[in-house]
file target.txt (compact mmCIF, C-alpha atoms)
# COMPACT_ATOMS: atom_id res chain seq x y z
CA MET A 1116 -16.20 -17.02 7.96
CA ASN A 1117 -17.24 -16.28 4.39
CA ALA A 1118 -20.28 -17.58 2.57
CA ARG A 1119 -20.04 -18.10 -1.14
CA VAL A 1120 -20.49 -15.32 -3.69
CA ASN A 1121 -21.23 -16.25 -7.30
CA LEU A 1122 -18.57 -14.29 -9.10
CA PRO A 1123 -18.90 -13.53 -12.81
CA GLU A 1124 -15.97 -14.22 -15.12
CA ALA A 1125 -13.20 -11.71 -14.49
CA ARG A 1126 -12.72 -9.01 -17.08
CA GLU A 1127 -9.39 -9.52 -18.80
CA VAL A 1128 -7.41 -7.03 -20.85
CA CYS A 1129 -4.17 -7.24 -22.77
CA PRO A 1130 -1.23 -4.86 -22.29
CA THR A 1131 -2.25 -2.61 -25.15
CA THR A 1132 -5.75 -2.18 -23.78
CA THR A 1133 -4.16 -1.64 -20.39
CA ARG A 1134 -2.16 1.28 -21.76
CA ARG A 1135 -5.32 2.81 -23.14
CA LEU A 1136 -7.14 2.36 -19.85
CA LEU A 1137 -4.22 3.92 -17.98
CA SER A 1138 -4.28 6.90 -20.31
CA GLU A 1139 -7.95 7.25 -19.44
CA GLY A 1140 -7.27 7.33 -15.72
CA ALA A 1141 -7.12 3.69 -14.63
CA LEU A 1142 -4.72 2.63 -11.92
CA LEU A 1143 -2.24 -0.20 -12.54
CA VAL A 1144 -1.81 -2.40 -9.48
CA ASP A 1145 1.28 -4.63 -9.52
CA VAL A 1146 0.72 -7.57 -7.16
CA ARG A 1147 4.17 -9.10 -7.55
CA GLU A 1148 6.30 -9.42 -4.45
CA ARG A 1149 8.87 -6.76 -3.59
CA ALA A 1150 11.90 -8.83 -4.65
CA GLU A 1151 10.37 -9.30 -8.09
CA VAL A 1152 9.65 -5.61 -8.45
CA GLU A 1153 13.26 -4.83 -7.59
CA GLN A 1154 14.38 -6.93 -10.56
CA ILE A 1155 12.02 -5.50 -13.13
CA ALA A 1156 9.11 -3.11 -12.92
CA PHE A 1157 6.56 -1.33 -15.04
CA ASP A 1158 8.16 1.98 -15.98
CA LEU A 1159 5.06 4.07 -15.50
CA ALA A 1160 4.14 6.88 -13.20
CA GLY A 1161 1.63 6.01 -10.53
CA VAL A 1162 1.87 2.23 -10.50
CA LEU A 1163 0.69 0.93 -7.15
CA GLN A 1164 2.72 -1.91 -5.64
CA LEU A 1165 0.54 -4.17 -3.55
CA PRO A 1166 2.05 -7.66 -3.20
CA LEU A 1167 -0.43 -10.51 -3.36
CA SER A 1168 0.81 -11.67 0.03
CA GLU A 1169 -0.43 -8.38 1.52
CA LEU A 1170 -3.62 -8.00 -0.47
CA GLU A 1171 -5.96 -9.48 2.13
CA LEU A 1172 -4.81 -6.96 4.71
CA ARG A 1173 -4.37 -3.94 2.48
CA PHE A 1174 -6.99 -4.15 -0.27
CA ASP A 1175 -8.91 -1.29 1.32
CA GLU A 1176 -6.14 1.03 0.12
CA LEU A 1177 -7.41 0.54 -3.42
CA PRO A 1178 -9.98 3.02 -4.70
CA ARG A 1179 -13.43 1.71 -5.59
CA ASP A 1180 -14.30 4.71 -7.74
CA ARG A 1181 -11.53 4.22 -10.30
CA ASP A 1182 -10.78 1.53 -12.90
CA LEU A 1183 -8.15 -0.88 -11.63
CA VAL A 1184 -5.96 -3.08 -13.82
CA ILE A 1185 -4.23 -5.82 -11.86
CA ALA A 1186 -0.93 -7.21 -13.11
CA CYS A 1187 1.70 -9.73 -12.04
CA GLN A 1188 4.56 -11.50 -13.79
CA SER A 1189 2.52 -13.59 -16.22
CA GLY A 1190 -1.14 -13.41 -15.23
CA PRO A 1191 -2.29 -16.13 -12.81
CA ARG A 1192 -1.65 -14.28 -9.57
CA SER A 1193 -3.25 -11.11 -10.83
CA LEU A 1194 -6.27 -13.13 -11.89
CA LYS A 1195 -6.55 -14.44 -8.36
CA ALA A 1196 -6.20 -10.89 -7.02
CA THR A 1197 -8.84 -9.70 -9.47
CA TYR A 1198 -11.31 -12.31 -8.24
CA PHE A 1199 -10.48 -11.47 -4.64
CA LEU A 1200 -11.25 -7.81 -5.24
CA MET A 1201 -14.48 -8.77 -7.00
CA PHE A 1202 -15.37 -10.84 -3.94
CA GLN A 1203 -14.74 -7.75 -1.84
CA GLY A 1204 -17.20 -5.80 -3.96
CA TYR A 1205 -14.91 -4.05 -6.41
CA THR A 1206 -16.64 -3.71 -9.77
CA ARG A 1207 -14.13 -1.64 -11.76
CA VAL A 1208 -11.35 -4.21 -11.85
CA SER A 1209 -9.65 -6.06 -14.71
CA ASN A 1210 -6.85 -8.57 -14.97
CA MET A 1211 -3.98 -7.85 -17.35
CA GLN A 1212 -3.39 -11.05 -19.28
CA GLY A 1213 0.18 -12.17 -19.73
CA GLY A 1214 1.47 -9.82 -17.04
CA LEU A 1215 4.78 -8.03 -17.15
CA VAL A 1216 6.26 -10.65 -19.47
CA LYS A 1217 3.75 -9.88 -22.17
CA TRP A 1218 3.95 -6.15 -21.46
CA ALA A 1219 7.72 -6.27 -21.98
CA SER A 1220 7.44 -8.47 -25.07
CA LYS A 1221 5.49 -5.66 -26.70
CA GLY A 1222 8.28 -3.24 -25.99
CA PHE A 1223 6.25 -1.31 -23.46
CA PRO A 1224 8.28 0.57 -20.84
CA THR A 1225 9.98 -1.39 -18.08
CA ARG A 1226 12.80 -0.76 -15.67
CA GLY A 1227 15.34 -3.49 -14.94
CA ARG A 1228 16.02 -6.88 -16.47
CA VAL A 1229 13.46 -7.98 -19.03
CA PRO A 1230 12.35 -11.56 -18.41
CA ALA A 1231 12.48 -14.06 -21.24
CA ALA A 1232 9.08 -14.57 -22.81
CA THR A 1233 8.11 -18.18 -22.72
CA GLY A 1234 5.45 -20.51 -24.05
CA ALA A 1235 2.11 -19.05 -24.94
CA VAL A 1236 3.19 -15.56 -24.02
CA ALA A 1237 6.16 -15.69 -26.36
CA ALA A 1238 3.83 -16.78 -29.11
CA GLY A 1239 1.62 -13.85 -28.37
CA ALA A 1240 2.51 -11.48 -31.16
CA ARG A 1241 -1.25 -11.29 -31.32
CA CYS A 1242 -3.57 -10.33 -28.52
CA GLY A 1243 -3.76 -13.40 -26.35
CA PRO A 1244 -1.94 -16.56 -25.51
CA SER A 1245 -2.88 -19.45 -27.74
CA HIS A 1246 -4.65 -21.33 -24.99
CA VAL A 1247 -7.00 -18.46 -24.29
CA SER A 1248 -10.12 -17.97 -26.35
CA ALA A 1249 -10.46 -14.96 -28.57
CA THR A 1250 -13.16 -13.67 -26.31
CA ASP A 1251 -10.90 -13.89 -23.33
CA SER A 1252 -7.95 -12.37 -25.03
CA CYS A 1253 -9.58 -9.30 -26.43
CA GLY A 1254 -12.96 -9.14 -24.86
CA THR A 1255 -14.64 -8.83 -28.23
CA GLY A 1256 -14.88 -12.37 -29.46
CA SER A 1257 -13.14 -11.44 -32.67
CA LEU A 1258 -9.63 -12.02 -33.81
CA ALA A 1259 -10.41 -11.25 -37.41
CA VAL A 1260 -7.80 -8.52 -37.39
CA PRO A 1261 -4.55 -9.78 -38.94
CA GLU A 1262 -2.10 -10.64 -36.23
CA THR A 1263 0.45 -8.11 -37.39
CA GLU A 1264 -2.13 -5.38 -37.03
CA CYS A 1265 -3.46 -6.56 -33.75
CA CYS A 1266 -1.34 -4.55 -31.39
CA VAL A 1267 0.33 -1.20 -31.62
CA PRO A 1268 4.04 -1.11 -32.33
CA ALA A 1269 6.41 -1.05 -29.40
CA SER A 1270 6.76 2.69 -29.71
CA GLY A 1271 3.03 3.26 -30.04
CA SER A 1272 1.42 5.54 -27.53
CA ALA A 1273 -1.69 4.81 -25.54
CA GLN A 1274 -3.34 7.38 -27.77
CA GLY A 1275 -2.42 5.23 -30.74
CA ALA A 1276 -3.82 2.18 -29.05
CA SER A 1277 -7.15 3.80 -28.43
CA SER A 1278 -7.48 4.78 -32.07
CA ARG A 1279 -7.30 1.17 -33.18
CA SER A 1280 -10.25 -0.97 -33.89
CA PRO A 1281 -11.98 -2.05 -30.69
CA ALA A 1282 -11.56 -5.62 -31.94
CA CYS A 1283 -7.85 -5.17 -31.55
CA CYS A 1284 -6.01 -5.20 -28.30
CA MET B 198 -22.50 -33.02 6.13
CA ASP B 199 -21.36 -31.30 2.95
CA ILE B 200 -17.63 -30.65 2.83
CA LYS B 201 -15.77 -28.88 0.06
CA VAL B 202 -12.02 -28.63 -0.15
CA LEU B 203 -10.85 -25.60 -2.11
CA GLY B 204 -7.55 -25.74 -3.93
CA THR B 205 -6.08 -25.76 -7.38
CA GLY B 206 -4.59 -29.22 -7.07
CA CYS B 207 -1.60 -28.71 -4.79
CA ALA B 208 -0.22 -31.52 -2.64
CA ASN B 209 -1.62 -29.95 0.55
CA CYS B 210 -5.09 -29.87 -0.97
CA LYS B 211 -4.89 -33.57 -1.83
CA SER B 212 -3.62 -34.36 1.66
CA THR B 213 -6.45 -32.38 3.20
CA ILE B 214 -9.09 -34.29 1.27
CA ALA B 215 -7.47 -37.61 2.13
CA LEU B 216 -7.27 -36.71 5.83
CA ILE B 217 -10.88 -35.58 6.07
CA ASP B 218 -12.01 -38.69 4.23
CA GLN B 219 -9.93 -40.93 6.49
CA ILE B 220 -11.18 -39.38 9.73
CA ALA B 221 -14.81 -39.38 8.57
CA LYS B 222 -14.51 -43.08 7.74
CA GLU B 223 -12.82 -43.88 11.05
CA LYS B 224 -15.65 -42.20 12.92
CA GLY B 225 -18.34 -43.57 10.66
CA ILE B 226 -19.64 -40.12 9.84
CA PRO B 227 -21.28 -39.85 6.44
CA VAL B 228 -19.91 -36.88 4.52
CA SER B 229 -20.21 -35.61 1.01
CA LEU B 230 -16.65 -34.63 0.13
CA GLN B 231 -16.05 -32.49 -2.91
CA LYS B 232 -12.94 -30.97 -4.44
CA ILE B 233 -13.24 -27.45 -5.88
CA GLU B 234 -10.39 -26.62 -8.23
CA GLU B 235 -11.70 -23.79 -10.37
CA LEU B 236 -10.15 -20.47 -9.37
CA ARG B 237 -13.32 -18.43 -9.83
CA GLU B 238 -15.30 -20.75 -7.60
CA ILE B 239 -12.54 -20.83 -4.98
CA MET B 240 -12.35 -17.06 -4.95
CA GLY B 241 -16.12 -16.94 -4.63
CA TYR B 242 -15.49 -17.93 -1.02
CA GLY B 243 -12.91 -15.14 -0.62
CA VAL B 244 -10.20 -17.64 0.20
CA MET B 245 -6.70 -16.41 -0.67
CA SER B 246 -4.79 -19.25 0.98
CA THR B 247 -5.45 -22.83 0.04
CA PRO B 248 -6.40 -25.44 0.92
CA GLY B 249 -9.65 -24.02 2.13
CA VAL B 250 -12.38 -26.06 3.74
CA VAL B 251 -16.07 -25.25 3.46
CA ILE B 252 -18.59 -27.09 5.61
CA ASP B 253 -22.26 -26.74 4.81
CA GLY B 254 -21.56 -23.56 2.89
CA LYS B 255 -19.32 -21.83 5.44
CA VAL B 256 -15.55 -21.42 5.20
CA VAL B 257 -14.04 -22.98 8.31
CA HIS B 258 -10.41 -23.10 7.30
CA ALA B 259 -7.96 -21.43 4.88
CA GLY B 260 -4.27 -22.16 4.36
CA GLY B 261 -2.31 -25.28 5.23
CA ILE B 262 -3.38 -28.79 6.08
CA PRO B 263 -5.85 -28.69 8.98
CA SER B 264 -4.90 -30.67 12.06
CA ARG B 265 -6.56 -33.97 12.90
CA GLY B 266 -8.03 -32.36 16.01
CA LYS B 267 -9.57 -29.55 14.02
CA ILE B 268 -11.13 -31.98 11.55
CA GLU B 269 -12.50 -34.08 14.39
CA GLN B 270 -14.10 -30.97 15.85
CA TRP B 271 -15.77 -30.17 12.54
CA LEU B 272 -17.11 -33.68 12.22
CA ALA B 273 -18.35 -33.75 15.79
CA VAL B 274 -20.76 -30.87 15.25

call {"tool": "encode", "arguments": {"input": "target.txt", "output": "structure tokens"}}
result
Amino acid sequence: MNARVNLPEAREVCPTTTRRLLSEGALLVDVRERAEVEQIAFDLAGVLQLPLSELELRFDELPRDRDLVIACQSGPRSLKATYFLMFQGYTRVSNMQGGLVKWASKGFPTRGRVPAATGAVAAGARCGPSHVSATDSCGTGSLAVPETECCVPASGSAQGASSRSPACC
Amino acid sequence: MDIKVLGTGCANCKSTIALIDQIAKEKGIPVSLQKIEELREIMGYGVMSTPGVVIDGKVVHAGGIPSRGKIEQWLAV
């Protein structure tokens, strides 16, 4: 079976950065199970559903020549999927921190019942959950931007997101 | 023999470590038994299902508690 690969830290992005990446051609991969997707889903064109339970068998369906953003309900499963894809040699892959819960808490488009935001995610009016370092949450190491300015308003477009300071997610 | 058990702290992972340790002691086989709980390191072995077992750098098992017979086979090598 497998020998060990020294994986670097996974790249992590917040929902706002995710929207920008999607507007630039990235593919959002939702690794939640089918029953979860039936309850609530990202309301975006072109989201690929690939449940974590099927990832080992089906990961080859994912393109290697396109940026991938992996998402789940709140982040841990997509992080696992991100590392798995990195192990399989994917280099253009990021984990969306906070998952669908954080996406929905920002007012970004969803279909179905919006889950209640809890804990660190609920506190995340700013870029990242409180237990995550600034570097992890925004990828820049800076949270100097006032929290209220950190993320685009709920109605903000991906275009708007990309025009923000790179320190802001 | 260097044995690593991969898992983020679930009950099955703890049981796997305990079982390997018990069988190694019963058979008087010296092993270095290590628990790997960090996700990045676990995924560095490409293991999606835990517990995983790595012996001398090679993944020999992934998902569920290994059977006593399987562990005895590993230790007999």

call {"tool": "atom_distance", "arguments": {"input": "target.txt", "atom1": "CA of Gly260 in chain B", "atom2": "CA of Gly204 in chain B"}}
result
9.6 Å

call {"tool": "residues_around", "arguments": {"input": "target.txt", "residues": "range 217-234 of chain B", "least_positions_apart": "5", "cutoff": "8 Å", "atoms": "all atoms listed in the file", "output": "PyMOL selection string"}}
result
chain B and resi 198-206+239+265+268-269+272

call {"tool": "closest_residue", "arguments": {"input": "target.txt", "among": "B:Gly243, B:Lys267, B:Pro248, B:Glu235", "to": "Gly1204 in chain A", "atoms": "all atoms listed in the file"}}
result
B:Gly243

call {"tool": "closest_residue", "arguments": {"input": "target.txt", "among": "A:Leu1163, A:Ala1141, A:Leu1177, A:Leu1170", "to": "chain B", "atoms": "all atoms listed in the file"}}
result
A:Leu1170

call {"tool": "closest_residue", "arguments": {"input": "target.txt", "among": "A:Val1216, A:Leu1183, A:Leu1200, A:Leu1165", "to": "chain B", "atoms": "all atoms listed in the file"}}
result
A:Leu1200

call {"tool": "interface_residues", "arguments": {"input": "target.txt", "of": "chain B", "to": "chain A", "cutoff": "10 Å", "atoms": "all atoms listed in the file", "output": "list in words"}}
result
Leu236, Arg237, Glu238, Ile239, Met240, Gly241, Tyr242, Gly243, Val244, Met245, Ser246, Val251, Asp253, Gly254, Lys255, Val256, Val257, His258 and Ala259 of chain B

call {"tool": "write_last_selection", "arguments": {"input": "target.txt", "atoms": "C-alpha atoms", "output": "PDB file, in the frame of the given file"}}
result
ATOM      1  CA  LEU B 236     -10.150 -20.470  -9.370  1.00  0.00           C
ATOM      2  CA  ARG B 237     -13.320 -18.430  -9.830  1.00  0.00           C
ATOM      3  CA  GLU B 238     -15.300 -20.750  -7.600  1.00  0.00           C
ATOM      4  CA  ILE B 239     -12.540 -20.830  -4.980  1.00  0.00           C
ATOM      5  CA  MET B 240     -12.350 -17.060  -4.950  1.00  0.00           C
ATOM      6  CA  GLY B 241     -16.120 -16.940  -4.630  1.00  0.00           C
ATOM      7  CA  TYR B 242     -15.490 -17.930  -1.020  1.00  0.00           C
ATOM      8  CA  GLY B 243     -12.910 -15.140  -0.620  1.00  0.00           C
ATOM      9  CA  VAL B 244     -10.200 -17.640   0.200  1.00  0.00           C
ATOM     10  CA  MET B 245      -6.700 -16.410  -0.670  1.00  0.00           C
ATOM     11  CA  SER B 246      -4.790 -19.250   0.980  1.00  0.00           C
ATOM     12  CA  VAL B 251     -16.070 -25.250   3.460  1.00  0.00           C
ATOM     13  CA  ASP B 253     -22.260 -26.740   4.810  1.00  0.00           C
ATOM     14  CA  GLY B 254     -21.560 -23.560   2.890  1.00  0.00           C
ATOM     15  CA  LYS B 255     -19.320 -21.830   5.440  1.00  0.00           C
ATOM     16  CA  VAL B 256     -15.550 -21.420   5.200  1.00  0.00           C
ATOM     17  CA  VAL B 257     -14.040 -22.980   8.310  1.00  0.00           C
ATOM     18  CA  HIS B 258     -10.410 -23.100   7.300  1.00  0.00           C
ATOM     19  CA  ALA B 259      -7.960 -21.430   4.880  1.00  0.00           C
TER      20      ALA B 259
END

call {"tool": "residues_around", "arguments": {"input": "target.txt", "residues": "Glu1153 in chain A", "least_positions_apart": "2", "cutoff": "12 Å", "atoms": "all atoms listed in the file", "output": "short mmCIF file (atom, residue, chain, number, x, y, z; two decimals) with C-alpha atoms, keeping the file's coordinate frame"}}
result
data_model
loop_
_atom_site.label_atom_id
_atom_site.label_comp_id
_atom_site.auth_asym_id
_atom_site.auth_seq_id
_atom_site.Cartn_x
_atom_site.Cartn_y
_atom_site.Cartn_z
CA ARG A 1147 4.17 -9.10 -7.55
CA GLU A 1148 6.30 -9.42 -4.45
CA ARG A 1149 8.87 -6.76 -3.59
CA ALA A 1150 11.90 -8.83 -4.65
CA GLU A 1151 10.37 -9.30 -8.09
CA ILE A 1155 12.02 -5.50 -13.13
CA ALA A 1156 9.11 -3.11 -12.92
CA PHE A 1157 6.56 -1.33 -15.04
CA ASP A 1158 8.16 1.98 -15.98
CA GLN A 1164 2.72 -1.91 -5.64
CA THR A 1225 9.98 -1.39 -18.08
CA ARG A 1226 12.80 -0.76 -15.67
CA GLY A 1227 15.34 -3.49 -14.94
CA ARG A 1228 16.02 -6.88 -16.47
CA VAL A 1229 13.46 -7.98 -19.03
#

call {"tool": "atom_distance", "arguments": {"input": "target.txt", "atom1": "CA of Pro1224 in chain A", "atom2": "CA of Ser1193 in chain A"}}
result
19.2 Å

call {"tool": "closest_residue", "arguments": {"input": "target.txt", "among": "A:Tyr1205, A:Cys1187, A:Asp1180, A:Leu1172", "to": "Trp1218 in chain A", "atoms": "all atoms listed in the file"}}
result
A:Cys1187

call {"tool": "decode", "arguments": {"input": "target.txt", "residues": "range 200-234 of chain B", "atoms": "N, CA and C atoms", "output": "PDB file, in the first residue's frame"}}
result
ATOM      1  N   ILE B 200       5.654   0.568  14.323  1.00  0.00           N
ATOM      2  CA  ILE B 200       4.227   0.532  13.998  1.00  0.00           C
ATOM      3  C   ILE B 200       3.590   1.874  14.346  1.00  0.00           C
ATOM      4  N   LYS B 201       2.877   2.411  13.373  1.00  0.00           N
ATOM      5  CA  LYS B 201       2.139   3.656  13.610  1.00  0.00           C
ATOM      6  C   LYS B 201       0.647   3.372  13.415  1.00  0.00           C
ATOM      7  N   VAL B 202      -0.147   3.895  14.334  1.00  0.00           N
ATOM      8  CA  VAL B 202      -1.588   3.800  14.179  1.00  0.00           C
ATOM      9  C   VAL B 202      -2.110   5.195  13.852  1.00  0.00           C
ATOM     10  N   LEU B 203      -2.776   5.293  12.704  1.00  0.00           N
ATOM     11  CA  LEU B 203      -3.272   6.579  12.228  1.00  0.00           C
ATOM     12  C   LEU B 203      -4.731   6.745  12.614  1.00  0.00           C
ATOM     13  N   GLY B 204      -5.038   7.872  13.228  1.00  0.00           N
ATOM     14  CA  GLY B 204      -6.429   8.133  13.591  1.00  0.00           C
ATOM     15  C   GLY B 204      -6.513   9.378  14.432  1.00  0.00           C
ATOM     16  N   THR B 205      -7.641  10.050  14.317  1.00  0.00           N
ATOM     17  CA  THR B 205      -7.766  11.333  15.007  1.00  0.00           C
ATOM     18  C   THR B 205      -8.329  11.192  16.421  1.00  0.00           C
ATOM     19  N   GLY B 206      -8.176  10.032  17.002  1.00  0.00           N
ATOM     20  CA  GLY B 206      -8.558   9.873  18.405  1.00  0.00           C
ATOM     21  C   GLY B 206      -9.877   9.149  18.634  1.00  0.00           C
ATOM     22  N   CYS B 207     -10.375   8.471  17.623  1.00  0.00           N
ATOM     23  CA  CYS B 207     -11.647   7.769  17.780  1.00  0.00           C
ATOM     24  C   CYS B 207     -11.457   6.517  18.645  1.00  0.00           C
ATOM     25  N   ALA B 208     -12.565   5.959  19.086  1.00  0.00           N
ATOM     26  CA  ALA B 208     -12.508   4.781  19.959  1.00  0.00           C
ATOM     27  C   ALA B 208     -11.839   3.606  19.245  1.00  0.00           C
ATOM     28  N   ASN B 209     -12.129   3.422  17.968  1.00  0.00           N
ATOM     29  CA  ASN B 209     -11.537   2.323  17.211  1.00  0.00           C
ATOM     30  C   ASN B 209     -10.015   2.455  17.116  1.00  0.00           C
ATOM     31  N   CYS B 210      -9.556   3.699  17.030  1.00  0.00           N
ATOM     32  CA  CYS B 210      -8.104   3.919  16.946  1.00  0.00           C
ATOM     33  C   CYS B 210      -7.453   3.507  18.270  1.00  0.00           C
ATOM     34  N   LYS B 211      -8.093   3.894  19.369  1.00  0.00           N
ATOM     35  CA  LYS B 211      -7.550   3.530  20.689  1.00  0.00           C
ATOM     36  C   LYS B 211      -7.570   2.021  20.869  1.00  0.00           C
ATOM     37  N   SER B 212      -8.642   1.389  20.428  1.00  0.00           N
ATOM     38  CA  SER B 212      -8.738  -0.067  20.548  1.00  0.00           C
ATOM     39  C   SER B 212      -7.666  -0.753  19.709  1.00  0.00           C
ATOM     40  N   THR B 213      -7.403  -0.197  18.547  1.00  0.00           N
ATOM     41  CA  THR B 213      -6.395  -0.787  17.663  1.00  0.00           C
ATOM     42  C   THR B 213      -5.016  -0.738  18.307  1.00  0.00           C
ATOM     43  N   ILE B 214      -4.685   0.391  18.866  1.00  0.00           N
ATOM     44  CA  ILE B 214      -3.386   0.523  19.536  1.00  0.00           C
ATOM     45  C   ILE B 214      -3.292  -0.478  20.692  1.00  0.00           C
ATOM     46  N   ALA B 215      -4.355  -0.528  21.481  1.00  0.00           N
ATOM     47  CA  ALA B 215      -4.341  -1.412  22.652  1.00  0.00           C
ATOM     48  C   ALA B 215      -4.186  -2.865  22.217  1.00  0.00           C
ATOM     49  N   LEU B 216      -4.865  -3.245  21.142  1.00  0.00           N
ATOM     50  CA  LEU B 216      -4.821  -4.628  20.672  1.00  0.00           C
ATOM     51  C   LEU B 216      -3.430  -4.988  20.142  1.00  0.00           C
ATOM     52  N   ILE B 217      -2.854  -4.104  19.368  1.00  0.00           N
ATOM     53  CA  ILE B 217      -1.509  -4.367  18.845  1.00  0.00           C
ATOM     54  C   ILE B 217      -0.517  -4.481  19.999  1.00  0.00           C
ATOM     55  N   ASP B 218      -0.641  -3.576  20.938  1.00  0.00           N
ATOM     56  CA  ASP B 218       0.260  -3.573  22.092  1.00  0.00           C
ATOM     57  C   ASP B 218       0.120  -4.880  22.879  1.00  0.00           C
ATOM     58  N   GLN B 219      -1.124  -5.283  23.077  1.00  0.00           N
ATOM     59  CA  GLN B 219      -1.395  -6.508  23.847  1.00  0.00           C
ATOM     60  C   GLN B 219      -0.806  -7.740  23.150  1.00  0.00           C
ATOM     61  N   ILE B 220      -1.040  -7.853  21.860  1.00  0.00           N
ATOM     62  CA  ILE B 220      -0.564  -9.035  21.125  1.00  0.00           C
ATOM     63  C   ILE B 220       0.963  -9.047  21.046  1.00  0.00           C
ATOM     64  N   ALA B 221       1.549  -7.877  20.851  1.00  0.00           N
ATOM     65  CA  ALA B 221       3.020  -7.803  20.793  1.00  0.00           C
ATOM     66  C   ALA B 221       3.615  -8.255  22.126  1.00  0.00           C
ATOM     67  N   LYS B 222       2.987  -7.828  23.218  1.00  0.00           N
ATOM     68  CA  LYS B 222       3.480  -8.211  24.544  1.00  0.00           C
ATOM     69  C   LYS B 222       3.302  -9.712  24.773  1.00  0.00           C
ATOM     70  N   GLU B 223       2.152 -10.224  24.400  1.00  0.00           N
ATOM     71  CA  GLU B 223       1.884 -11.669  24.548  1.00  0.00           C
ATOM     72  C   GLU B 223       2.944 -12.498  23.840  1.00  0.00           C
ATOM     73  N   LYS B 224       3.342 -12.012  22.665  1.00  0.00           N
ATOM     74  CA  LYS B 224       4.278 -12.787  21.846  1.00  0.00           C
ATOM     75  C   LYS B 224       5.731 -12.405  22.116  1.00  0.00           C
ATOM     76  N   GLY B 225       5.898 -11.421  22.971  1.00  0.00           N
ATOM     77  CA  GLY B 225       7.249 -10.989  23.317  1.00  0.00           C
ATOM     78  C   GLY B 225       7.999 -10.359  22.160  1.00  0.00           C
ATOM     79  N   ILE B 226       7.237  -9.698  21.294  1.00  0.00           N
ATOM     80  CA  ILE B 226       7.867  -9.056  20.131  1.00  0.00           C
ATOM     81  C   ILE B 226       8.059  -7.570  20.437  1.00  0.00           C
ATOM     82  N   PRO B 227       9.292  -7.112  20.375  1.00  0.00           N
ATOM     83  CA  PRO B 227       9.512  -5.691  20.652  1.00  0.00           C
ATOM     84  C   PRO B 227       9.017  -4.819  19.492  1.00  0.00           C
ATOM     85  N   VAL B 228       8.138  -3.891  19.821  1.00  0.00           N
ATOM     86  CA  VAL B 228       7.644  -2.977  18.779  1.00  0.00           C
ATOM     87  C   VAL B 228       7.717  -1.540  19.297  1.00  0.00           C
ATOM     88  N   SER B 229       7.900  -0.650  18.356  1.00  0.00           N
ATOM     89  CA  SER B 229       7.785   0.767  18.678  1.00  0.00           C
ATOM     90  C   SER B 229       6.419   1.200  18.168  1.00  0.00           C
ATOM     91  N   LEU B 230       5.527   1.489  19.101  1.00  0.00           N
ATOM     92  CA  LEU B 230       4.130   1.778  18.742  1.00  0.00           C
ATOM     93  C   LEU B 230       3.859   3.272  18.908  1.00  0.00           C
ATOM     94  N   GLN B 231       3.397   3.868  17.834  1.00  0.00           N
ATOM     95  CA  GLN B 231       3.203   5.321  17.859  1.00  0.00           C
ATOM     96  C   GLN B 231       1.814   5.673  17.339  1.00  0.00           C
ATOM     97  N   LYS B 232       1.233   6.692  17.949  1.00  0.00           N
ATOM     98  CA  LYS B 232      -0.098   7.137  17.551  1.00  0.00           C
ATOM     99  C   LYS B 232       0.057   8.413  16.721  1.00  0.00           C
ATOM    100  N   ILE B 233      -0.525   8.444  15.539  1.00  0.00           N
ATOM    101  CA  ILE B 233      -0.458   9.643  14.690  1.00  0.00           C
ATOM    102  C   ILE B 233      -1.861  10.230  14.619  1.00  0.00           C
ATOM    103  N   GLU B 234      -2.004  11.440  15.154  1.00  0.00           N
ATOM    104  CA  GLU B 234      -3.350  12.024  15.240  1.00  0.00           C
ATOM    105  C   GLU B 234      -3.527  13.272  14.374  1.00  0.00           C
TER     106      GLU B 234
END
